[in-house]
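Note: the block below is input_5.txt and it holds compact mmCIF, C-alpha atoms.
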```txt
# COMPACT_ATOMS: atom_id res chain seq x y z
CA MET A 1 0.00 0.00 0.00
CA HIS A 2 1.26 3.46 -0.90
CA THR A 3 0.74 6.35 1.50
CA LEU A 4 0.52 10.13 1.12
CA ILE A 5 1.13 12.32 4.18
CA LEU A 6 0.30 16.01 3.93
CA GLY A 7 0.54 18.84 6.42
CA GLY A 8 1.99 22.26 7.05
CA VAL A 9 5.54 23.12 8.04
CA ARG A 10 6.41 21.52 11.41
CA SER A 11 3.08 19.70 11.51
CA GLY A 12 4.55 16.28 12.29
CA LYS A 13 4.26 14.81 8.81
CA SER A 14 7.91 13.74 8.58
CA ARG A 15 7.85 12.07 11.99
CA LEU A 16 4.68 10.20 11.03
CA ALA A 17 6.25 9.05 7.75
CA GLU A 18 9.38 7.90 9.57
CA ARG A 19 7.27 6.04 12.14
CA LEU A 20 5.25 4.28 9.44
CA ALA A 21 8.43 3.31 7.59
CA ARG A 22 9.95 1.86 10.79
CA GLU A 23 6.73 0.03 11.66
CA SER A 24 6.51 -1.49 8.16
CA GLY A 25 9.25 -3.95 9.13
CA LEU A 26 10.66 -3.59 5.61
CA ALA A 27 14.07 -2.45 4.44
CA VAL A 28 13.80 1.34 4.01
CA THR A 29 15.28 3.65 1.42
CA TYR A 30 14.90 7.36 2.15
CA ILE A 31 14.64 9.39 -1.04
CA ALA A 32 15.63 12.97 -0.24
CA THR A 33 14.63 15.69 -2.69
CA ALA A 34 16.02 18.68 -0.76
CA ARG A 35 18.95 20.71 -1.94
CA PRO A 36 21.25 22.26 0.68
CA SER A 37 20.71 25.77 -0.69
CA ASP A 38 21.25 27.85 2.46
CA ASP A 39 22.11 27.51 6.17
CA GLU A 40 18.49 26.99 7.20
CA MET A 41 17.99 24.15 4.68
CA ILE A 42 21.34 22.61 5.66
CA ALA A 43 20.13 22.56 9.30
CA ARG A 44 16.81 20.95 8.30
CA ILE A 45 18.60 18.26 6.29
CA ALA A 46 20.93 17.57 9.23
CA ALA A 47 17.98 17.20 11.62
CA HIS A 48 16.36 14.66 9.30
CA ARG A 49 19.64 12.73 8.99
CA GLU A 50 20.03 12.56 12.77
CA ARG A 51 16.54 11.08 13.19
CA ARG A 52 16.94 8.37 10.56
CA PRO A 53 17.98 4.88 11.63
CA ALA A 54 21.52 3.97 10.57
CA ASP A 55 20.33 0.99 8.52
CA TRP A 56 18.16 3.10 6.20
CA ARG A 57 19.62 3.62 2.76
CA LEU A 58 19.73 7.19 1.42
CA VAL A 59 19.19 8.29 -2.17
CA GLU A 60 19.43 12.02 -2.87
CA GLU A 61 17.48 12.98 -5.99
CA PRO A 62 16.13 16.51 -6.42
CA LEU A 63 14.60 16.11 -9.91
CA ALA A 64 14.30 12.62 -11.45
CA LEU A 65 11.91 11.16 -8.87
CA VAL A 66 10.00 8.92 -11.30
CA ASP A 67 13.15 7.16 -12.55
CA THR A 68 14.41 6.85 -8.97
CA LEU A 69 11.16 5.21 -7.85
CA ARG A 70 11.27 2.79 -10.79
CA ARG A 71 14.86 1.87 -9.95
CA GLU A 72 14.48 1.60 -6.16
CA ALA A 73 11.02 0.06 -5.71
CA ALA A 74 10.95 -3.65 -4.88
CA ASP A 75 8.77 -6.17 -3.12
CA GLY A 76 9.56 -6.27 0.59
CA HIS A 77 10.96 -2.75 0.50
CA CYS A 78 9.70 0.64 1.70
CA LEU A 79 10.59 3.92 0.01
CA LEU A 80 10.09 7.15 1.94
CA VAL A 81 10.01 10.23 -0.32
CA GLU A 82 10.74 13.48 1.53
CA CYS A 83 9.38 15.69 0.12
CA LEU A 84 7.08 16.11 -2.86
CA THR A 85 6.78 19.87 -2.60
CA LEU A 86 10.55 20.40 -2.46
CA TRP A 87 10.79 18.18 -5.55
CA LEU A 88 8.12 20.31 -7.24
CA SER A 89 10.02 23.49 -6.27
CA ASN A 90 13.22 22.07 -7.75
CA LEU A 91 11.43 21.29 -11.00
CA LEU A 92 9.87 24.76 -11.17
CA TRP A 93 13.15 26.54 -10.45
CA GLY A 94 14.90 24.34 -13.01
CA GLU A 95 12.85 26.08 -15.69
CA ASP A 96 12.64 22.92 -17.85
CA GLU A 97 8.93 22.86 -18.62
CA GLU A 98 9.14 19.55 -20.48
CA GLN A 99 10.78 17.80 -17.54
CA LEU A 100 8.27 19.34 -15.12
CA GLN A 101 5.28 18.16 -17.15
CA ARG A 102 6.80 14.73 -17.80
CA GLU A 103 7.54 14.09 -14.11
CA LEU A 104 4.15 15.36 -12.90
CA ALA A 105 2.27 13.25 -15.45
CA ALA A 106 4.31 10.10 -14.87
CA LEU A 107 4.29 9.94 -11.08
CA PRO A 108 0.59 9.20 -10.40
CA SER A 109 0.36 6.73 -13.30
CA LEU A 110 3.48 4.89 -12.10
CA LEU A 111 2.19 4.15 -8.60
CA PRO A 112 -0.39 1.41 -9.21
CA ALA A 113 2.26 -0.87 -10.76
CA LEU A 114 5.07 0.05 -8.35
CA PRO A 115 6.09 -2.88 -6.10
CA GLY A 116 6.68 -2.54 -2.39
CA GLN A 117 5.52 0.30 -0.22
CA VAL A 118 6.01 4.02 -0.89
CA ILE A 119 5.40 6.79 1.65
CA PHE A 120 5.21 10.30 0.23
CA VAL A 121 5.53 13.45 2.35
CA GLY A 122 4.30 16.80 1.06
CA ASN A 123 3.46 20.26 2.32
CA GLU A 124 -0.18 21.23 2.02
CA THR A 125 0.24 24.74 0.68
CA ASN A 126 -3.33 25.60 -0.19
CA LEU A 127 -4.98 26.34 3.15
CA GLY A 128 -4.43 30.09 3.13
CA VAL A 129 -4.79 33.08 0.88
CA ILE A 130 -3.98 32.95 -2.82
CA PRO A 131 -0.40 34.16 -3.30
CA MET A 132 0.17 37.46 -5.11
CA HIS A 133 3.14 36.28 -7.21
CA ALA A 134 2.37 34.31 -10.40
CA LEU A 135 5.07 31.68 -9.77
CA ALA A 136 3.78 31.10 -6.23
CA ARG A 137 0.23 30.68 -7.55
CA ARG A 138 1.45 28.21 -10.15
CA TYR A 139 3.37 26.28 -7.48
CA CYS A 140 0.27 26.06 -5.27
CA ASP A 141 -1.90 24.99 -8.20
CA LEU A 142 0.57 22.30 -9.29
CA ALA A 143 0.99 21.04 -5.71
CA GLY A 144 -2.77 20.83 -5.23
CA VAL A 145 -3.29 18.87 -8.44
CA LEU A 146 -0.32 16.60 -7.67
CA HIS A 147 -1.65 15.83 -4.18
CA GLN A 148 -5.12 15.08 -5.55
CA ARG A 149 -3.76 12.72 -8.19
CA LEU A 150 -1.56 10.90 -5.70
CA ALA A 151 -4.36 10.70 -3.13
CA ALA A 152 -6.53 8.98 -5.74
CA VAL A 153 -4.00 6.16 -6.25
CA CYS A 154 -2.61 5.83 -2.71
CA GLY A 155 -4.24 3.38 -0.33
CA ALA A 156 -3.80 5.72 2.64
CA VAL A 157 -3.77 9.51 2.94
CA TYR A 158 -3.10 11.37 6.19
CA PHE A 159 -3.18 15.03 7.12
CA THR A 160 -1.10 16.16 10.09
CA ALA A 161 -1.54 19.18 12.33
CA ALA A 162 0.10 19.84 15.71
CA GLY A 163 1.74 16.41 15.51
CA LEU A 164 -1.61 14.65 15.21
CA PRO A 165 -2.49 12.58 12.15
CA LEU A 166 -5.97 12.60 10.67
CA ALA A 167 -6.82 9.69 8.37
CA LEU A 168 -8.39 11.04 5.19
CA LYS A 169 -8.25 7.65 3.48
CA GLY A 170 -7.21 4.29 4.88
CA PRO A 171 -6.76 2.98 8.43
CA PRO A 172 -6.28 5.27 11.42
CA VAL A 173 -2.73 5.64 12.74
```
Could you quickly redo this structure as structure tokens?
Amino acid sequence: MHTLILGGVRSGKSRLAERLARESGLAVTYIATARPSDDEMIARIAAHRERRPADWRLVEEPLALVDTLRREAADGHCLLVECLTLWLSNLLWGEDEEQLQRELAALPSLLPALPGQVIFVGNETNLGVIPMHALARRYCDLAGVLHQRLAAVCGAVYFTAAGLPLALKGPPV
């Protein structure tokens, strides 16, 4: 079963994803999409590294998520993707519209045939006002559509707030 976990910044979504990956009892590969672009992001990446068990494998891939999932997915294995919205940001800032559209179209259609378990983490960006900047509006629109498409093909979807998970689809956690 594939899982989508959404929430705001510091909502507990990463900790929930890490817990579910540990509890799966499967070998885990952590797919990190973040780029260490500034001191704050470097600190966030370090905090995530410190929390991860030593036996988890790490794959750092900021752009080619679909190919990475195809390559890494296997029966008896859990992939934890952290995070979808950083991946989307990387694609937008890369200014390669063809790659952006290709990746966004391929990801939801890939999931039903993907072996093993995949846990996706993403920031829910669309709970507030509509951004004033055109790129920010596009980002929010693309993130919303991506989350909807993934939610449709994932067996479980959770929303986190204040460290508490709410099951939107699938079993309670």
Find the smallest box with edges along x, y and z containing every listed atom of stretch 85-101 of chain A, then add 6 Å on each side and report centre and edge lengths in Å to one decimal, as AutoDock Vina command-line options.
```
--center_x 10.1 --center_y 22.2 --center_z -11.5 --size_x 21.6 --size_y 20.7 --size_z 30.0
```
Å distance separating atom CA of A:Asn126 from atom CA of A:Leu164, one decimal place: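 Interatomic distance here is 19.0 Å.
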Proximity of stretch 80-99 of chain A to stretch 128-136 of chain A: per-residue shortest pair, 12 Å limit, only C-alpha atoms, as CSV:
```
residue,atom,partner,partner_atom,distance
A:Leu88,CA,A:Ala136,CA,11.7
A:Ser89,CA,A:Ala136,CA,9.8
A:Leu92,CA,A:Leu135,CA,8.5
A:Trp93,CA,A:Leu135,CA,9.6
A:Glu95,CA,A:Leu135,CA,11.3
```
Counting all atoms listed in the file, what is within 12 Å of A:Leu104, bar same-chain residues fewer than 3 positions away, as a PDB file with C-alpha atoms, keeping the file's coordinate frame?
```pdb
ATOM      1  CA  LEU A  63      14.600  16.110  -9.910  1.00  0.00           C
ATOM      2  CA  ALA A  64      14.300  12.620 -11.450  1.00  0.00           C
ATOM      3  CA  LEU A  65      11.910  11.160  -8.870  1.00  0.00           C
ATOM      4  CA  VAL A  66      10.000   8.920 -11.300  1.00  0.00           C
ATOM      5  CA  LEU A  84       7.080  16.110  -2.860  1.00  0.00           C
ATOM      6  CA  THR A  85       6.780  19.870  -2.600  1.00  0.00           C
ATOM      7  CA  TRP A  87      10.790  18.180  -5.550  1.00  0.00           C
ATOM      8  CA  LEU A  88       8.120  20.310  -7.240  1.00  0.00           C
ATOM      9  CA  LEU A  91      11.430  21.290 -11.000  1.00  0.00           C
ATOM     10  CA  LEU A  92       9.870  24.760 -11.170  1.00  0.00           C
ATOM     11  CA  GLU A  97       8.930  22.860 -18.620  1.00  0.00           C
ATOM     12  CA  GLU A  98       9.140  19.550 -20.480  1.00  0.00           C
ATOM     13  CA  GLN A  99      10.780  17.800 -17.540  1.00  0.00           C
ATOM     14  CA  LEU A 100       8.270  19.340 -15.120  1.00  0.00           C
ATOM     15  CA  GLN A 101       5.280  18.160 -17.150  1.00  0.00           C
ATOM     16  CA  LEU A 107       4.290   9.940 -11.080  1.00  0.00           C
ATOM     17  CA  PRO A 108       0.590   9.200 -10.400  1.00  0.00           C
ATOM     18  CA  SER A 109       0.360   6.730 -13.300  1.00  0.00           C
ATOM     19  CA  LEU A 110       3.480   4.890 -12.100  1.00  0.00           C
ATOM     20  CA  LEU A 142       0.570  22.300  -9.290  1.00  0.00           C
ATOM     21  CA  ALA A 143       0.990  21.040  -5.710  1.00  0.00           C
ATOM     22  CA  GLY A 144      -2.770  20.830  -5.230  1.00  0.00           C
ATOM     23  CA  VAL A 145      -3.290  18.870  -8.440  1.00  0.00           C
ATOM     24  CA  LEU A 146      -0.320  16.600  -7.670  1.00  0.00           C
ATOM     25  CA  HIS A 147      -1.650  15.830  -4.180  1.00  0.00           C
ATOM     26  CA  GLN A 148      -5.120  15.080  -5.550  1.00  0.00           C
ATOM     27  CA  ARG A 149      -3.760  12.720  -8.190  1.00  0.00           C
ATOM     28  CA  LEU A 150      -1.560  10.900  -5.700  1.00  0.00           C
TER      29      LEU A 150
END
```
For atom CA of A:Glu23 and atom CA of A:Ala74, the interatomic separation in Å (one decimal):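 Taking atom CA of A:Glu23 and atom CA of A:Ala74, their separation equals 17.5 Å.
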Given all atoms listed in the file as the counted atoms, nearest of A:Asp67, A:Asp96, A:Glu50, A:Glu124 to A:Cys83: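 Distance minimum relative to A:Cys83 lands on A:Glu124.
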Gap from atom CA of A:Gly76 to atom CA of A:Ala151 - Å, one decimal: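 About the pair atom CA of A:Gly76 and atom CA of A:Ala151: they are 22.3 Å apart.
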